[in-house]
file target-v9.cif (mmCIF, C-alpha atoms)
data_work
#
loop_
_atom_site.label_atom_id
_atom_site.label_comp_id
_atom_site.auth_asym_id
_atom_site.auth_seq_id
_atom_site.Cartn_x
_atom_site.Cartn_y
_atom_site.Cartn_z
CA MET A 1 -18.94 -21.30 9.58
CA ALA A 2 -16.83 -18.19 9.11
CA GLU A 3 -14.16 -18.11 6.43
CA THR A 4 -10.89 -16.42 7.32
CA PHE A 5 -8.14 -14.97 5.14
CA ARG A 6 -4.93 -13.10 5.91
CA ILE A 7 -2.54 -10.80 4.06
CA THR A 8 0.65 -9.27 5.47
CA ARG A 9 2.39 -6.35 3.77
CA ALA A 10 5.16 -3.89 4.59
CA ALA A 11 3.86 -0.57 5.88
CA TYR A 12 4.48 1.35 2.66
CA LEU A 13 1.98 3.39 0.67
CA GLU A 14 2.76 1.04 -2.24
CA SER A 15 0.97 -1.72 -0.27
CA LEU A 16 -2.40 0.10 -0.23
CA GLY A 17 -3.37 -1.30 -3.63
CA ASP A 18 -2.58 -4.85 -2.47
CA PHE A 19 -4.97 -4.54 0.47
CA ARG A 20 -7.74 -3.25 -1.81
CA LYS A 21 -7.14 -6.08 -4.28
CA PHE A 22 -7.16 -8.66 -1.47
CA LEU A 23 -10.57 -7.43 -0.27
CA LYS A 24 -11.96 -7.49 -3.80
CA GLU A 25 -10.74 -11.05 -4.32
CA HIS A 26 -12.19 -12.45 -1.11
CA CYS A 27 -15.39 -10.41 -0.65
CA LYS A 28 -16.88 -11.73 -3.89
CA ASP A 29 -20.46 -11.99 -2.71
CA VAL A 30 -20.92 -8.47 -1.37
CA ASN A 31 -22.37 -5.59 -3.38
CA ALA A 32 -20.20 -2.83 -4.86
CA GLU A 33 -21.15 -0.33 -2.15
CA THR A 34 -20.15 -2.65 0.69
CA LEU A 35 -16.85 -3.50 -1.01
CA TYR A 36 -16.06 0.20 -1.49
CA ASP A 37 -16.87 0.90 2.18
CA LEU A 38 -14.52 -1.87 3.30
CA GLN A 39 -11.75 -0.77 0.94
CA LEU A 40 -12.12 2.83 2.07
CA ALA A 41 -12.02 1.98 5.80
CA VAL A 42 -8.96 -0.24 5.33
CA ASP A 43 -7.21 2.29 3.09
CA GLU A 44 -7.70 5.11 5.59
CA ALA A 45 -6.64 2.96 8.56
CA CYS A 46 -3.52 1.68 6.78
CA THR A 47 -2.59 5.16 5.53
CA ASN A 48 -2.77 6.34 9.13
CA VAL A 49 -0.52 3.50 10.32
CA ILE A 50 1.98 4.10 7.48
CA THR A 51 2.19 7.88 7.79
CA HIS A 52 1.77 8.28 11.57
CA GLY A 53 2.15 4.91 13.33
CA TYR A 54 5.48 4.08 11.71
CA ALA A 55 6.61 7.71 11.27
CA ASP A 56 10.30 8.23 12.13
CA MET A 57 10.95 4.51 12.47
CA ASP A 58 11.72 1.59 10.20
CA PRO A 59 8.43 0.52 8.63
CA GLY A 60 7.21 -2.75 10.02
CA SER A 61 4.30 -4.76 8.78
CA ILE A 62 0.54 -4.49 8.64
CA ILE A 63 -1.46 -7.70 8.99
CA LEU A 64 -5.02 -7.79 7.69
CA ASP A 65 -7.22 -10.59 9.02
CA LEU A 66 -10.51 -10.94 7.20
CA GLU A 67 -13.43 -12.91 8.60
CA LEU A 68 -16.46 -13.53 6.43
CA ASP A 69 -19.67 -14.47 8.19
CA SER A 70 -23.14 -14.87 6.73
CA ASP A 71 -24.34 -11.61 8.28
CA SER A 72 -21.15 -9.57 8.73
CA ILE A 73 -17.55 -9.01 7.67
CA SER A 74 -14.88 -8.37 10.29
CA ILE A 75 -11.42 -7.02 9.60
CA THR A 76 -8.60 -6.82 12.12
CA LEU A 77 -5.61 -4.68 11.19
CA THR A 78 -2.52 -5.30 13.30
CA ASP A 79 0.59 -3.10 13.30
CA PHE A 80 3.61 -2.71 15.53
CA GLY A 81 4.17 1.04 15.29
CA ARG A 82 3.17 3.82 17.60
CA ALA A 83 -0.35 3.44 18.98
CA PHE A 84 -2.89 5.98 17.83
CA GLU A 85 -5.55 7.68 19.93
CA PRO A 86 -8.86 7.63 18.06
CA GLY A 87 -10.38 10.05 20.57
CA ALA A 88 -7.71 12.67 19.83
CA ALA A 89 -8.78 13.28 16.23
CA PRO A 90 -11.34 16.09 15.79
CA THR A 91 -14.44 15.45 13.67
CA PRO A 92 -14.25 17.48 10.45
CA ASP A 93 -16.90 20.14 9.86
CA VAL A 94 -18.47 18.97 6.58
CA ASP A 95 -20.76 22.03 6.40
CA ALA A 96 -17.99 24.63 6.65
CA PRO A 97 -17.43 26.98 3.70
CA ILE A 98 -14.27 26.48 1.68
CA GLU A 99 -12.42 29.37 3.33
CA GLU A 100 -12.69 27.62 6.70
CA ARG A 101 -11.97 24.12 5.43
CA GLU A 102 -8.98 22.16 6.65
CA LEU A 103 -7.65 20.01 3.84
CA GLY A 104 -7.14 16.88 5.91
CA GLY A 105 -8.72 15.18 8.89
CA PHE A 106 -11.16 12.98 7.01
CA GLY A 107 -9.44 9.61 7.49
CA LEU A 108 -10.91 8.52 10.82
CA PHE A 109 -14.26 10.13 9.96
CA PHE A 110 -14.48 8.06 6.77
CA ILE A 111 -13.68 4.86 8.68
CA GLN A 112 -16.47 5.60 11.15
CA GLN A 113 -18.90 6.38 8.32
CA SER A 114 -18.00 3.24 6.35
CA VAL A 115 -18.34 0.50 8.96
CA ASP A 116 -20.87 -0.32 11.68
CA GLN A 117 -18.38 -0.83 14.45
CA MET A 118 -14.79 0.27 15.07
CA ASP A 119 -12.65 -0.76 18.02
CA TYR A 120 -9.03 0.01 18.69
CA LYS A 121 -6.68 -1.43 21.26
CA ALA A 122 -2.94 -1.35 21.85
CA THR A 123 -1.85 -4.81 23.02
CA GLU A 124 1.42 -6.65 23.63
CA ASP A 125 0.79 -8.34 20.28
CA GLY A 126 0.54 -5.04 18.42
CA ASN A 127 -2.02 -2.32 17.83
CA LYS A 128 -5.31 -3.72 16.66
CA MET A 129 -8.03 -1.89 14.78
CA ILE A 130 -11.15 -4.02 14.48
CA LEU A 131 -13.72 -3.05 11.88
CA ARG A 132 -17.09 -4.72 11.52
CA LYS A 133 -19.56 -4.26 8.70
CA LEU A 134 -23.03 -5.74 8.87
CA LEU A 135 -24.31 -7.22 5.61
CA LYS A 136 -27.70 -6.03 4.49
CA PRO A 137 -30.20 -8.55 3.18
CA PRO A 138 -30.19 -8.62 -0.66
CA SER A 139 -33.52 -6.76 -0.90
CA SER A 140 -32.00 -3.55 0.49
CA ALA A 141 -28.62 -3.87 -1.19
CA GLY A 142 -27.29 -1.28 -3.61
CA LEU A 143 -26.51 2.38 -3.60
CA HIS A 144 -29.13 4.95 -2.72
CA MET B 1 -3.37 6.34 -11.34
CA LYS B 2 -3.29 7.89 -14.80
CA THR B 3 -4.07 11.43 -15.83
CA GLU B 4 -4.75 12.93 -19.23
CA VAL B 5 -4.90 16.67 -19.76
CA LYS B 6 -6.80 18.18 -22.65
CA GLN B 7 -8.05 21.59 -23.61
CA GLU B 8 -11.57 22.48 -24.71
CA ASN B 9 -11.78 26.18 -25.60
CA ASP B 10 -10.71 27.93 -22.38
CA ILE B 11 -11.37 24.95 -20.16
CA THR B 12 -8.70 22.48 -19.12
CA ILE B 13 -9.94 18.96 -18.53
CA VAL B 14 -7.91 16.67 -16.30
CA ALA B 15 -9.25 13.15 -16.80
CA VAL B 16 -8.20 10.80 -14.00
CA SER B 17 -8.41 7.02 -13.98
CA GLU B 18 -7.66 4.03 -11.70
CA SER B 19 -7.02 4.86 -8.00
CA VAL B 20 -6.40 8.12 -6.14
CA ASP B 21 -4.98 7.13 -2.76
CA ALA B 22 -2.25 8.36 -0.40
CA LEU B 23 0.37 7.00 -2.81
CA THR B 24 -0.91 8.67 -5.98
CA ALA B 25 -2.70 11.83 -4.78
CA ALA B 26 0.50 13.90 -4.80
CA ASP B 27 0.88 13.33 -8.57
CA LEU B 28 -2.65 14.60 -9.14
CA THR B 29 -1.97 17.65 -6.94
CA LYS B 30 1.09 18.43 -9.09
CA THR B 31 -0.70 17.89 -12.39
CA ILE B 32 -3.50 20.31 -11.44
CA SER B 33 -1.14 22.79 -9.81
CA ASP B 34 1.04 22.90 -12.95
CA GLN B 35 -2.01 23.84 -15.03
CA ILE B 36 -2.94 26.68 -12.69
CA SER B 37 0.66 27.95 -12.62
CA ASP B 38 0.58 28.07 -16.42
CA GLY B 39 -2.53 30.26 -16.31
CA ARG B 40 -5.09 27.56 -17.06
CA VAL B 41 -7.31 28.42 -14.09
CA ASN B 42 -10.67 27.08 -15.28
CA LEU B 43 -10.55 23.36 -14.82
CA VAL B 44 -12.71 20.27 -14.96
CA VAL B 45 -11.38 17.30 -13.03
CA ASP B 46 -13.06 14.28 -14.55
CA LEU B 47 -13.19 11.40 -12.04
CA ALA B 48 -15.46 9.20 -14.20
CA GLY B 49 -12.63 6.71 -14.75
CA VAL B 50 -11.64 6.57 -11.08
CA GLU B 51 -12.33 3.21 -9.43
CA PHE B 52 -11.26 4.20 -5.93
CA MET B 53 -10.62 7.48 -4.12
CA SER B 54 -9.72 7.94 -0.45
CA SER B 55 -9.51 11.05 1.73
CA ALA B 56 -6.08 11.70 0.18
CA GLY B 57 -7.81 12.37 -3.15
CA LEU B 58 -10.36 14.58 -1.45
CA ARG B 59 -7.55 16.57 0.13
CA THR B 60 -6.07 17.12 -3.33
CA LEU B 61 -9.41 18.28 -4.75
CA LEU B 62 -10.12 20.69 -1.87
CA GLY B 63 -6.66 22.21 -2.24
CA ALA B 64 -7.08 22.46 -6.02
CA VAL B 65 -10.46 24.20 -5.74
CA LYS B 66 -8.90 26.75 -3.38
CA GLU B 67 -5.90 27.21 -5.66
CA SER B 68 -7.94 27.71 -8.82
CA ARG B 69 -10.26 30.23 -7.15
CA SER B 70 -7.31 32.15 -5.68
CA ALA B 71 -6.03 32.45 -9.25
CA GLY B 72 -9.38 33.84 -10.41
CA GLY B 73 -10.74 30.64 -11.93
CA ASP B 74 -12.80 27.69 -10.79
CA LEU B 75 -12.55 23.92 -10.63
CA ARG B 76 -15.51 21.67 -11.28
CA ILE B 77 -15.80 17.94 -10.84
CA VAL B 78 -17.21 15.08 -12.89
CA SER B 79 -18.12 12.04 -10.84
CA SER B 80 -20.08 8.99 -11.91
CA ASN B 81 -18.67 6.17 -9.78
CA PRO B 82 -21.10 5.66 -6.84
CA GLY B 83 -18.21 5.01 -4.41
CA VAL B 84 -16.34 8.16 -5.40
CA ASP B 85 -19.60 10.08 -5.22
CA LYS B 86 -20.18 8.82 -1.69
CA VAL B 87 -16.73 10.06 -0.62
CA LEU B 88 -17.55 13.51 -2.07
CA LYS B 89 -20.96 13.55 -0.34
CA MET B 90 -19.65 12.36 3.06
CA SER B 91 -17.22 15.26 3.10
CA GLY B 92 -19.79 17.86 2.08
CA PHE B 93 -17.83 18.51 -1.13
CA HIS B 94 -21.04 19.27 -3.05
CA ASN B 95 -21.46 22.39 -0.87
CA ILE B 96 -18.07 23.67 -1.97
CA ALA B 97 -17.71 22.85 -5.65
CA LYS B 98 -20.01 21.99 -8.52
CA VAL B 99 -20.21 18.29 -9.30
CA PHE B 100 -21.51 17.02 -12.65
CA THR B 101 -22.19 13.58 -14.06
CA SER B 102 -20.61 14.24 -17.46
CA SER B 103 -17.60 16.11 -18.76
CA ALA B 104 -19.73 17.88 -21.39
CA GLN B 105 -22.05 19.29 -18.70
CA ALA B 106 -19.12 20.45 -16.58
CA VAL B 107 -17.45 22.21 -19.54
CA ALA B 108 -20.75 23.81 -20.62
CA SER B 109 -21.35 25.12 -17.09
CA PHE B 110 -18.46 27.57 -17.47
CA SER B 111 -20.27 29.42 -20.26
CA ALA B 112 -23.68 29.31 -18.58
#
call {"tool": "encode", "arguments": {"input": "target-v9.cif", "output": "structure tokens"}}
result
Amino acid sequence: MAETFRITRAAYLESLGDFRKFLKEHCKDVNAETLYDLQLAVDEACTNVITHGYADMDPGSIILDLELDSDSISITLTDFGRAFEPGAAPTPDVDAPIEERELGGFGLFFIQQSVDQMDYKATEDGNKMILRKLLKPPSSAGLH
Amino acid sequence: MKTEVKQENDITIVAVSESVDALTAADLTKTISDQISDGRVNLVVDLAGVEFMSSAGLRTLLGAVKESRSAGGDLRIVSSNPGVDKVLKMSGFHNIAKVFTSSAQAVASFSA
């Protein structure tokens, strides 16, 4: 049976460390690479909510729901700010020379690279970003 | 995040530890920028002590590489944490700046 955990924090950049710590505490059995991927995806998604979703308004909250299954980890991030349009963000050109490089634009790209599935929906109960990471069998675990 | 700046011959080493995220990246940008403004344009940013770095940290590094080169110098990176290394690789950072696994190698590369 799946285990579920929840943390709610104010949408401030100061909360980013709390979300990372929460994931580390509860995802004890995953390897270091998987934990980093989850922390990175959550960090980028929350940064986006804090800096864009709640821009020009009183910061509300971000709720992180964590669901641990034997073969996957699912995370639902809920916020009550402005909805974001994942399709509107351009994919960064990672082969471009430095002169042509934009400094930003990696957030959504890193989320997509770090998890196996990403869904986003704006609902009456808030904006929900759902991230799912499949767990590899132990034999193929570890960084390559 | 903590930073420690030290000088080895003409090379300035900025050793970073803990986390570089959207909260702390601005401090790192300022620390590096201050060095370049003071004429220390050849830099090694040592990320060996960094446990976590997001795209905010990457943004800082890309900007710092550009800034140091505009000033006639260069900025090289030390990375040994597999997670931080993955962030650098995903962004194609290795195509832009030299990345080493030890501070000694990075410093020596300036005189090579």
call {"tool": "interface_residues", "arguments": {"input": "target-v9.cif", "of": "chain A", "to": "chain B", "cutoff": "10 Å", "atoms": "only C-alpha atoms", "output": "PyMOL selection string"}}
result
chain A and resi 12-17+20+32-37+39-41+43-44+46-48+50-51+92-99+101-110+113-114+142-144
call {"tool": "atom_distance", "arguments": {"input": "target-v9.cif", "atom1": "atom CA of A:Thr78", "atom2": "atom CA of A:Lys136"}}
result
26.7 Å
call {"tool": "atom_distance", "arguments": {"input": "target-v9.cif", "atom1": "atom CA of A:Ala45", "atom2": "atom CA of A:Ala83"}}
result
12.2 Å
call {"tool": "resolve_selection", "arguments": {"input": "target-v9.cif", "expression": "the PyMOL selection byres ((chain A and resi 117-131) around 9)", "output": "list in words"}}
result
Leu38, Ala41, Val42, Ala45, Ile73, Ser74, Ile75, Thr76, Leu77, Thr78, Asp79, Phe80, Gly81, Arg82, Ala83, Phe84, Glu85, Pro86, Ile111, Gln112, Val115, Asp116, Arg132, Lys133 and Leu134 of chain A
call {"tool": "atom_distance", "arguments": {"input": "target-v9.cif", "atom1": "atom CA of B:Phe100", "atom2": "atom CA of B:Ala71"}}
result
22.1 Å
call {"tool": "closest_residue", "arguments": {"input": "target-v9.cif", "among": "B:Val20, B:Ile32, B:Leu43, B:Leu88", "to": "B:Phe110", "atoms": "all atoms listed in the file"}}
result
B:Leu43
call {"tool": "resolve_selection", "arguments": {"input": "target-v9.cif", "expression": "the PyMOL selection byres ((chain B and resi 103-106) around 7)", "output": "ChimeraX atom specification"}}
result
/B:44,46,76,78,100,102,107-109
call {"tool": "closest_residue", "arguments": {"input": "target-v9.cif", "among": "A:Leu66, A:Ala10, A:Met57, A:Ala2", "to": "A:Phe22", "atoms": "all atoms listed in the file"}}
result
A:Leu66
call {"tool": "resolve_selection", "arguments": {"input": "target-v9.cif", "expression": "the PyMOL selection byres ((chain A and resi 25) around 12)", "output": "list in words"}}
result
Phe5, Arg6, Ile7, Asp18, Phe19, Arg20, Lys21, Phe22, Leu23, Lys24, His26, Cys27, Lys28, Asp29, Val30, Leu35, Gln39 and Leu66 of chain A
call {"tool": "residues_around", "arguments": {"input": "target-v9.cif", "residues": "B:Ser68", "least_positions_apart": "5", "cutoff": "6 Å", "atoms": "all atoms listed in the file", "output": "JSON list (two decimals) with C-alpha atoms, in the frame of the given file"}}
result
[["chain", "number", "residue", "atom", "x", "y", "z"],
["B", 41, "VAL", "CA", -7.31, 28.42, -14.09],
["B", 73, "GLY", "CA", -10.74, 30.64, -11.93],
["B", 74, "ASP", "CA", -12.80, 27.69, -10.79]]
call {"tool": "closest_residue", "arguments": {"input": "target-v9.cif", "among": "A:Leu135, A:Met1, A:Ala11, A:Asn31", "to": "A:Gly60", "atoms": "only C-alpha atoms"}}
result
A:Ala11
call {"tool": "axis_aligned_box", "arguments": {"input": "target-v9.cif", "around": "stretch 11-14 of chain A", "padding_each_side": "4 Å", "output": "AutoDock Vina command-line options"}}
result
--center_x 3.2 --center_y 1.4 --center_z 1.8 --size_x 10.5 --size_y 12.0 --size_z 16.1
call {"tool": "build_atoms", "arguments": {"input": "target-v9.cif", "residues": "stretch 67-90 of chain A", "atoms": "N, CA and C atoms", "output": "PDB file, keeping the file's coordinate frame"}}
result
ATOM      1  N   GLU A  67     -12.529 -11.832   8.181  1.00  0.00           N
ATOM      2  CA  GLU A  67     -13.430 -12.910   8.600  1.00  0.00           C
ATOM      3  C   GLU A  67     -14.793 -12.682   7.960  1.00  0.00           C
ATOM      4  N   LEU A  68     -15.179 -13.647   7.130  1.00  0.00           N
ATOM      5  CA  LEU A  68     -16.460 -13.530   6.430  1.00  0.00           C
ATOM      6  C   LEU A  68     -17.511 -14.392   7.111  1.00  0.00           C
ATOM      7  N   ASP A  69     -18.539 -13.749   7.609  1.00  0.00           N
ATOM      8  CA  ASP A  69     -19.670 -14.470   8.190  1.00  0.00           C
ATOM      9  C   ASP A  69     -20.884 -14.265   7.294  1.00  0.00           C
ATOM     10  N   SER A  70     -21.966 -15.005   7.587  1.00  0.00           N
ATOM     11  CA  SER A  70     -23.140 -14.870   6.730  1.00  0.00           C
ATOM     12  C   SER A  70     -23.787 -13.488   6.885  1.00  0.00           C
ATOM     13  N   ASP A  71     -23.664 -12.891   8.068  1.00  0.00           N
ATOM     14  CA  ASP A  71     -24.340 -11.610   8.280  1.00  0.00           C
ATOM     15  C   ASP A  71     -23.392 -10.429   8.514  1.00  0.00           C
ATOM     16  N   SER A  72     -22.081 -10.681   8.509  1.00  0.00           N
ATOM     17  CA  SER A  72     -21.150  -9.570   8.730  1.00  0.00           C
ATOM     18  C   SER A  72     -19.753  -9.895   8.215  1.00  0.00           C
ATOM     19  N   ILE A  73     -18.964  -8.846   8.042  1.00  0.00           N
ATOM     20  CA  ILE A  73     -17.550  -9.010   7.670  1.00  0.00           C
ATOM     21  C   ILE A  73     -16.731  -8.289   8.734  1.00  0.00           C
ATOM     22  N   SER A  74     -15.739  -8.987   9.280  1.00  0.00           N
ATOM     23  CA  SER A  74     -14.880  -8.370  10.290  1.00  0.00           C
ATOM     24  C   SER A  74     -13.449  -8.316   9.767  1.00  0.00           C
ATOM     25  N   ILE A  75     -12.802  -7.203  10.027  1.00  0.00           N
ATOM     26  CA  ILE A  75     -11.420  -7.020   9.600  1.00  0.00           C
ATOM     27  C   ILE A  75     -10.612  -6.570  10.803  1.00  0.00           C
ATOM     28  N   THR A  76      -9.516  -7.264  11.066  1.00  0.00           N
ATOM     29  CA  THR A  76      -8.600  -6.820  12.120  1.00  0.00           C
ATOM     30  C   THR A  76      -7.296  -6.414  11.468  1.00  0.00           C
ATOM     31  N   LEU A  77      -6.894  -5.171  11.704  1.00  0.00           N
ATOM     32  CA  LEU A  77      -5.610  -4.680  11.190  1.00  0.00           C
ATOM     33  C   LEU A  77      -4.646  -4.616  12.367  1.00  0.00           C
ATOM     34  N   THR A  78      -3.514  -5.290  12.230  1.00  0.00           N
ATOM     35  CA  THR A  78      -2.520  -5.300  13.300  1.00  0.00           C
ATOM     36  C   THR A  78      -1.244  -4.619  12.816  1.00  0.00           C
ATOM     37  N   ASP A  79      -0.709  -3.710  13.631  1.00  0.00           N
ATOM     38  CA  ASP A  79       0.590  -3.100  13.300  1.00  0.00           C
ATOM     39  C   ASP A  79       1.421  -3.005  14.581  1.00  0.00           C
ATOM     40  N   PHE A  80       2.693  -2.706  14.380  1.00  0.00           N
ATOM     41  CA  PHE A  80       3.610  -2.710  15.530  1.00  0.00           C
ATOM     42  C   PHE A  80       4.289  -1.350  15.686  1.00  0.00           C
ATOM     43  N   GLY A  81       3.640  -0.320  15.170  1.00  0.00           N
ATOM     44  CA  GLY A  81       4.170   1.040  15.290  1.00  0.00           C
ATOM     45  C   GLY A  81       3.636   1.725  16.539  1.00  0.00           C
ATOM     46  N   ARG A  82       3.671   3.030  16.483  1.00  0.00           N
ATOM     47  CA  ARG A  82       3.170   3.820  17.600  1.00  0.00           C
ATOM     48  C   ARG A  82       1.640   3.691  17.640  1.00  0.00           C
ATOM     49  N   ALA A  83       1.105   3.562  18.862  1.00  0.00           N
ATOM     50  CA  ALA A  83      -0.350   3.440  18.980  1.00  0.00           C
ATOM     51  C   ALA A  83      -1.003   4.785  18.663  1.00  0.00           C
ATOM     52  N   PHE A  84      -2.208   4.721  18.154  1.00  0.00           N
ATOM     53  CA  PHE A  84      -2.890   5.980  17.830  1.00  0.00           C
ATOM     54  C   PHE A  84      -4.064   6.166  18.762  1.00  0.00           C
ATOM     55  N   GLU A  85      -4.458   7.416  18.994  1.00  0.00           N
ATOM     56  CA  GLU A  85      -5.550   7.680  19.930  1.00  0.00           C
ATOM     57  C   GLU A  85      -6.762   8.155  19.139  1.00  0.00           C
ATOM     58  N   PRO A  86      -7.698   7.242  18.873  1.00  0.00           N
ATOM     59  CA  PRO A  86      -8.860   7.630  18.060  1.00  0.00           C
ATOM     60  C   PRO A  86      -9.601   8.821  18.635  1.00  0.00           C
ATOM     61  N   GLY A  87      -9.638   8.950  19.947  1.00  0.00           N
ATOM     62  CA  GLY A  87     -10.380  10.050  20.570  1.00  0.00           C
ATOM     63  C   GLY A  87      -9.738  11.402  20.354  1.00  0.00           C
ATOM     64  N   ALA A  88      -8.445  11.405  19.960  1.00  0.00           N
ATOM     65  CA  ALA A  88      -7.710  12.670  19.830  1.00  0.00           C
ATOM     66  C   ALA A  88      -7.991  13.385  18.516  1.00  0.00           C
ATOM     67  N   ALA A  89      -8.559  12.666  17.546  1.00  0.00           N
ATOM     68  CA  ALA A  89      -8.780  13.280  16.230  1.00  0.00           C
ATOM     69  C   ALA A  89     -10.099  14.046  16.214  1.00  0.00           C
ATOM     70  N   PRO A  90     -10.084  15.328  15.839  1.00  0.00           N
ATOM     71  CA  PRO A  90     -11.340  16.090  15.790  1.00  0.00           C
ATOM     72  C   PRO A  90     -12.213  15.647  14.616  1.00  0.00           C
TER      73      PRO A  90
END
